[in-house]
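Text of the file structure_3.tsv, holding TSV, C-alpha atoms:
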```tsv
chain	number	residue	atom	x	y	z
A	9	MET	CA	109.16	101.86	87.37
A	10	PHE	CA	112.29	103.96	86.88
A	11	LYS	CA	114.61	104.20	83.91
A	12	ARG	CA	118.15	102.95	84.53
A	13	TYR	CA	121.43	102.96	82.61
A	14	SER	CA	122.85	99.79	84.14
A	15	ARG	CA	125.69	99.51	81.62
A	16	LEU	CA	127.04	102.96	82.48
A	17	GLN	CA	128.93	104.25	85.50
A	18	SER	CA	127.00	106.15	88.17
A	19	VAL	CA	127.83	108.70	90.87
A	20	SER	CA	126.32	108.22	94.35
A	21	LEU	CA	124.76	111.35	95.81
A	22	PRO	CA	124.93	111.98	99.57
A	23	ILE	CA	121.74	112.92	101.40
A	24	ASN	CA	120.69	113.09	105.03
A	25	LEU	CA	117.00	112.19	105.39
A	26	SER	CA	117.21	112.62	109.16
A	27	ASP	CA	117.77	116.37	108.87
A	28	LYS	CA	114.79	117.78	110.80
A	29	LYS	CA	116.01	121.38	111.00
A	30	ASP	CA	115.04	122.41	107.48
A	31	GLN	CA	111.26	122.80	107.47
A	32	LEU	CA	110.96	122.75	103.68
A	33	LYS	CA	112.87	119.48	103.45
A	34	SER	CA	110.61	118.00	106.11
A	35	LEU	CA	107.51	119.07	104.21
A	36	LEU	CA	108.81	117.58	100.97
A	37	VAL	CA	109.59	114.26	102.64
A	38	ALA	CA	106.19	114.20	104.38
A	39	ARG	CA	104.16	115.16	101.28
A	40	ARG	CA	101.42	112.66	100.54
A	41	SER	CA	97.98	112.34	99.00
A	42	TYR	CA	95.23	112.09	101.61
A	43	ARG	CA	92.06	110.17	100.73
A	44	ASN	CA	90.69	109.11	104.12
A	45	TYR	CA	87.95	111.74	104.14
A	46	SER	CA	85.17	111.73	106.70
A	47	GLY	CA	83.62	115.19	106.43
A	48	LYS	CA	85.83	117.00	108.97
A	49	THR	CA	85.37	120.75	108.71
A	50	VAL	CA	87.93	123.28	107.50
A	51	SER	CA	88.04	126.62	109.30
A	52	LEU	CA	88.07	130.04	107.65
A	53	GLN	CA	91.50	130.68	109.20
A	54	GLN	CA	92.96	127.51	107.72
A	55	LEU	CA	91.50	128.32	104.33
A	56	SER	CA	92.73	131.91	104.45
A	57	HIS	CA	96.34	130.86	105.13
A	58	LEU	CA	96.19	128.13	102.52
A	59	LEU	CA	94.93	130.44	99.78
A	60	PHE	CA	97.24	133.34	100.57
A	61	TYR	CA	100.48	131.35	100.66
A	62	SER	CA	99.58	129.12	97.71
A	63	ALA	CA	97.77	131.46	95.33
A	64	GLY	CA	97.73	134.96	96.83
A	65	ILE	CA	99.78	138.07	96.13
A	66	VAL	CA	102.59	137.70	98.65
A	67	ARG	CA	104.36	140.92	97.70
A	68	TYR	CA	104.65	143.61	95.04
A	69	GLU	CA	107.86	143.97	93.04
A	70	ASP	CA	109.59	147.34	93.25
A	71	GLY	CA	109.18	149.54	90.21
A	72	LYS	CA	106.74	151.92	88.58
A	73	SER	CA	104.12	149.27	87.86
A	74	LYS	CA	104.31	147.56	91.26
A	75	GLU	CA	103.90	144.12	89.70
A	76	PRO	CA	102.16	141.56	91.94
A	77	HIS	CA	104.31	138.60	92.92
A	78	MET	CA	102.64	135.22	93.31
A	79	PRO	CA	104.08	132.31	95.36
A	80	TYR	CA	104.44	130.24	92.16
A	81	PRO	CA	106.17	130.88	88.80
A	82	CYS	CA	104.02	132.63	86.18
A	83	ALA	CA	104.71	133.02	82.48
A	84	ASN	CA	105.36	136.66	81.56
A	85	LYS	CA	104.94	137.56	85.26
A	86	THR	CA	101.17	137.34	84.86
A	87	SER	CA	99.14	134.58	86.49
A	88	ALA	CA	96.86	132.79	84.05
A	89	LEU	CA	95.08	130.90	86.83
A	90	GLU	CA	91.82	131.32	88.72
A	91	VAL	CA	90.88	129.39	91.87
A	92	TYR	CA	87.35	128.29	92.75
A	93	LEU	CA	86.29	126.57	95.98
A	94	TRP	CA	83.32	124.38	96.67
A	95	VAL	CA	82.99	124.47	100.46
A	96	ARG	CA	81.00	121.46	101.62
A	97	HIS	CA	82.01	121.28	105.30
A	98	GLY	CA	83.18	124.63	106.69
A	99	LYS	CA	83.63	125.39	110.37
A	100	ASP	CA	82.92	129.12	110.18
A	101	ILE	CA	82.24	129.61	106.49
A	102	PRO	CA	78.88	128.83	104.85
A	103	LYS	CA	78.60	126.00	102.38
A	104	GLY	CA	78.67	127.08	98.76
A	105	LEU	CA	80.73	127.88	95.69
A	106	TYR	CA	83.33	130.65	95.90
A	107	HIS	CA	85.94	132.35	93.72
A	108	TYR	CA	89.23	133.45	95.27
A	109	ASN	CA	90.30	137.04	94.56
A	110	PRO	CA	94.07	137.27	95.25
A	111	GLU	CA	94.13	141.03	94.75
A	112	THR	CA	91.93	141.66	97.78
A	113	HIS	CA	92.40	138.25	99.46
A	114	GLU	CA	88.65	137.72	99.55
A	115	LEU	CA	86.18	135.05	98.53
A	116	ASP	CA	83.54	136.05	95.99
A	117	VAL	CA	80.26	134.26	96.71
A	118	LEU	CA	79.14	132.61	93.47
A	119	LEU	CA	76.51	130.17	94.65
A	120	ARG	CA	75.07	129.51	98.08
A	121	PRO	CA	73.99	126.89	98.75
A	122	VAL	CA	74.98	124.22	96.22
A	123	LEU	CA	72.08	121.92	95.37
A	124	PRO	CA	72.39	118.11	95.77
A	125	GLN	CA	71.90	117.57	92.05
A	126	ASP	CA	74.93	119.78	91.36
A	127	MET	CA	77.06	117.44	93.48
A	128	THR	CA	76.15	114.16	91.81
A	129	LYS	CA	76.78	115.43	88.28
A	130	ILE	CA	80.45	116.37	88.71
A	131	TRP	CA	82.41	113.34	89.88
A	132	LEU	CA	82.78	109.92	88.30
A	133	ARG	CA	84.31	106.80	89.88
A	134	GLN	CA	86.36	108.27	92.75
A	135	ARG	CA	83.84	107.93	95.57
A	136	TRP	CA	86.23	109.15	98.29
A	137	VAL	CA	85.94	112.63	96.76
A	138	ARG	CA	82.31	112.82	97.90
A	139	LYS	CA	83.30	113.09	101.58
A	140	ALA	CA	85.93	115.85	101.19
A	141	ALA	CA	85.27	119.12	103.00
A	142	ILE	CA	86.44	121.37	100.14
A	143	LEU	CA	86.91	120.86	96.42
A	144	VAL	CA	89.35	123.17	94.67
A	145	PHE	CA	88.97	123.91	90.95
A	146	ILE	CA	91.96	125.58	89.26
A	147	THR	CA	91.19	127.06	85.86
A	148	ALA	CA	93.38	128.72	83.25
A	149	VAL	CA	92.51	131.84	81.24
A	150	TYR	CA	94.10	131.20	77.85
A	151	HIS	CA	94.66	134.69	76.53
A	152	ARG	CA	96.83	135.80	79.46
A	153	VAL	CA	99.51	133.53	78.03
A	154	THR	CA	98.64	133.15	74.35
A	155	ASP	CA	98.47	136.92	73.82
A	156	VAL	CA	102.20	136.96	74.51
A	157	TYR	CA	103.46	133.55	73.39
A	158	GLY	CA	100.81	132.43	70.90
A	159	PRO	CA	99.74	128.76	70.77
A	160	GLU	CA	103.18	127.73	72.07
A	161	GLY	CA	102.20	129.19	75.43
A	162	PHE	CA	99.54	126.55	76.14
A	163	PRO	CA	101.94	124.22	78.05
A	164	PHE	CA	102.73	127.09	80.43
A	165	LEU	CA	99.12	126.96	81.69
A	166	PHE	CA	99.52	123.39	82.92
A	167	LEU	CA	103.00	124.03	84.34
A	168	GLU	CA	101.66	126.98	86.31
A	169	ALA	CA	98.74	124.94	87.66
A	170	GLY	CA	101.17	122.25	88.79
A	171	HIS	CA	103.28	124.81	90.65
A	172	LEU	CA	100.21	126.17	92.46
A	173	ALA	CA	98.95	122.69	93.33
A	174	GLN	CA	102.33	121.73	94.79
A	175	ASN	CA	102.11	124.79	97.03
A	176	ILE	CA	98.79	123.48	98.33
A	177	TYR	CA	100.25	120.02	98.88
A	178	LEU	CA	103.18	121.38	100.91
A	179	LEU	CA	101.14	123.85	102.94
A	180	CYS	CA	98.34	121.50	103.97
A	181	PRO	CA	100.24	119.45	106.61
A	182	SER	CA	101.49	122.60	108.34
A	183	LEU	CA	97.88	123.81	108.60
A	184	GLY	CA	96.50	120.52	109.88
A	185	LEU	CA	94.98	119.69	106.50
A	186	GLY	CA	95.14	116.78	104.09
A	187	CYS	CA	94.76	117.11	100.33
A	188	CYS	CA	94.69	115.01	97.19
A	189	SER	CA	94.60	115.87	93.50
A	190	VAL	CA	91.72	114.51	91.42
A	191	GLY	CA	91.81	113.52	87.77
A	192	ASN	CA	88.35	112.12	87.22
A	193	PHE	CA	85.79	114.93	87.04
A	194	LYS	CA	83.36	115.61	84.21
A	195	ARG	CA	84.92	118.70	82.69
A	196	ASP	CA	81.83	119.81	80.77
A	197	THR	CA	79.80	119.64	83.98
A	198	VAL	CA	82.47	121.53	85.93
A	199	ILE	CA	82.47	124.27	83.27
A	200	LYS	CA	78.72	124.62	83.64
A	201	PHE	CA	78.93	124.50	87.44
A	202	LEU	CA	81.55	127.28	87.54
A	203	ASP	CA	79.66	129.23	84.85
A	204	ILE	CA	82.78	129.88	82.74
A	205	ASP	CA	83.26	130.21	78.98
A	206	PRO	CA	85.40	127.23	77.81
A	207	ASN	CA	86.60	129.29	74.84
A	208	ASP	CA	88.35	131.61	77.26
A	209	GLU	CA	88.75	129.74	80.57
A	210	TYR	CA	89.16	126.01	81.15
A	211	PRO	CA	89.54	123.76	84.24
A	212	VAL	CA	93.02	122.25	84.40
A	213	TYR	CA	93.49	120.94	87.97
A	214	TYR	CA	91.32	119.68	90.83
A	215	LEU	CA	92.11	119.04	94.50
A	216	THR	CA	90.25	117.88	97.61
A	217	ILE	CA	90.95	119.24	101.10
A	218	GLU	CA	89.92	118.30	104.63
A	219	SER	CA	91.12	118.74	108.22
A	220	LEU	CA	93.26	115.90	109.56
```
Go through the file and emit its structure as structure tokens.
Amino acid sequence: MFKRYSRLQSVSLPINLSDKKDQLKSLLVARRSYRNYSGKTVSLQQLSHLLFYSAGIVRYEDGKSKEPHMPYPCANKTSALEVYLWVRHGKDIPKGLYHYNPETHELDVLLRPVLPQDMTKIWLRQRWVRKAAILVFITAVYHRVTDVYGPEGFPFLFLEAGHLAQNIYLLCPSLGLGCCSVGNFKRDTVIKFLDIDPNDEYPVYYLTIESL
């Protein structure tokens, strides 16, 4: 599973896995993919904290332009990502499709409610996804990166999505949530469901979320 250089010398690295004082270290050690979904609801408060600290504007940089600072690395200091949420089991938030606006920290209501036929068209073989309380769709807007870096900027879109998704993974346990990334959705159907133009914006990452 791992590459080794058995014929070469190695240097042992010391580490203390019992160090409970550092919260970030504890979160990294505890990180896992959660698939035991049963339809437990996610509250608006949980969702608010999760979105703000994973994808929101956590501060503005000093300077004339007051550049927004996201909690994940962005190419050219400009986020190329958009976050959509399909709330299926919400405690104090109606079921439906939403778009997260980090500038105002609000949810834009795109579709309420979501029809049963919309559900069955999106996923493929991963049946555990069907019981998740919330589905997260992360999309990338090409031109925000390619306008600066040209075609060579395309890999930055996927790197950025990975950074954001890792934020979600690390935050979920502290909020009493479980999450798991998904790689088996019908992209063409997701594009239609989100009502986005694939020539400008494309889905690059999916996650499921539920209360533990």
Kindly give the distance, in Å, that separates CA of Glu160 in chain A and CA of Thr86 in chain A, rounded to a single decimal.
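It comes out at 16.1 Å.
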Just want the 10 Å neighbourhood of Cys82 in chain A, counted on all atoms listed in the file, with same-chain residues fewer than 4 positions away dropped. Output as a PyMOL selection string.
chain A and resi 77-78+86-89+153+164-165+167-169+171-172
Using all atoms listed in the file, which of A:Ile176, A:Leu35, A:Ile204, A:Ile65 sits nearest Thr112 in chain A?
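Of A:Ile176, A:Leu35, A:Ile204, A:Ile65, the one nearest Thr112 in chain A, counting all atoms listed in the file, is A:Ile65.
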Taking only C-alpha atoms into account, which of A:His113, A:Lys11, A:Lys74, A:Arg96 comes nearest Val50 in chain A?
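Of A:His113, A:Lys11, A:Lys74, A:Arg96, the one nearest Val50 in chain A is A:Arg96, counting only C-alpha atoms.
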Work out how far CA of Tyr92 in chain A is from CA of Pro181 in chain A, in Å to one decimal.
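Separating CA of Pro181 in chain A from CA of Tyr92 in chain A is a distance of 20.9 Å.
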Between A:Tyr108, A:Phe166, A:Tyr13, A:Tyr45, which is the closest to Leu185 in chain A once you count all atoms listed in the file?
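For Leu185 in chain A, the nearest of the candidates is A:Tyr45.
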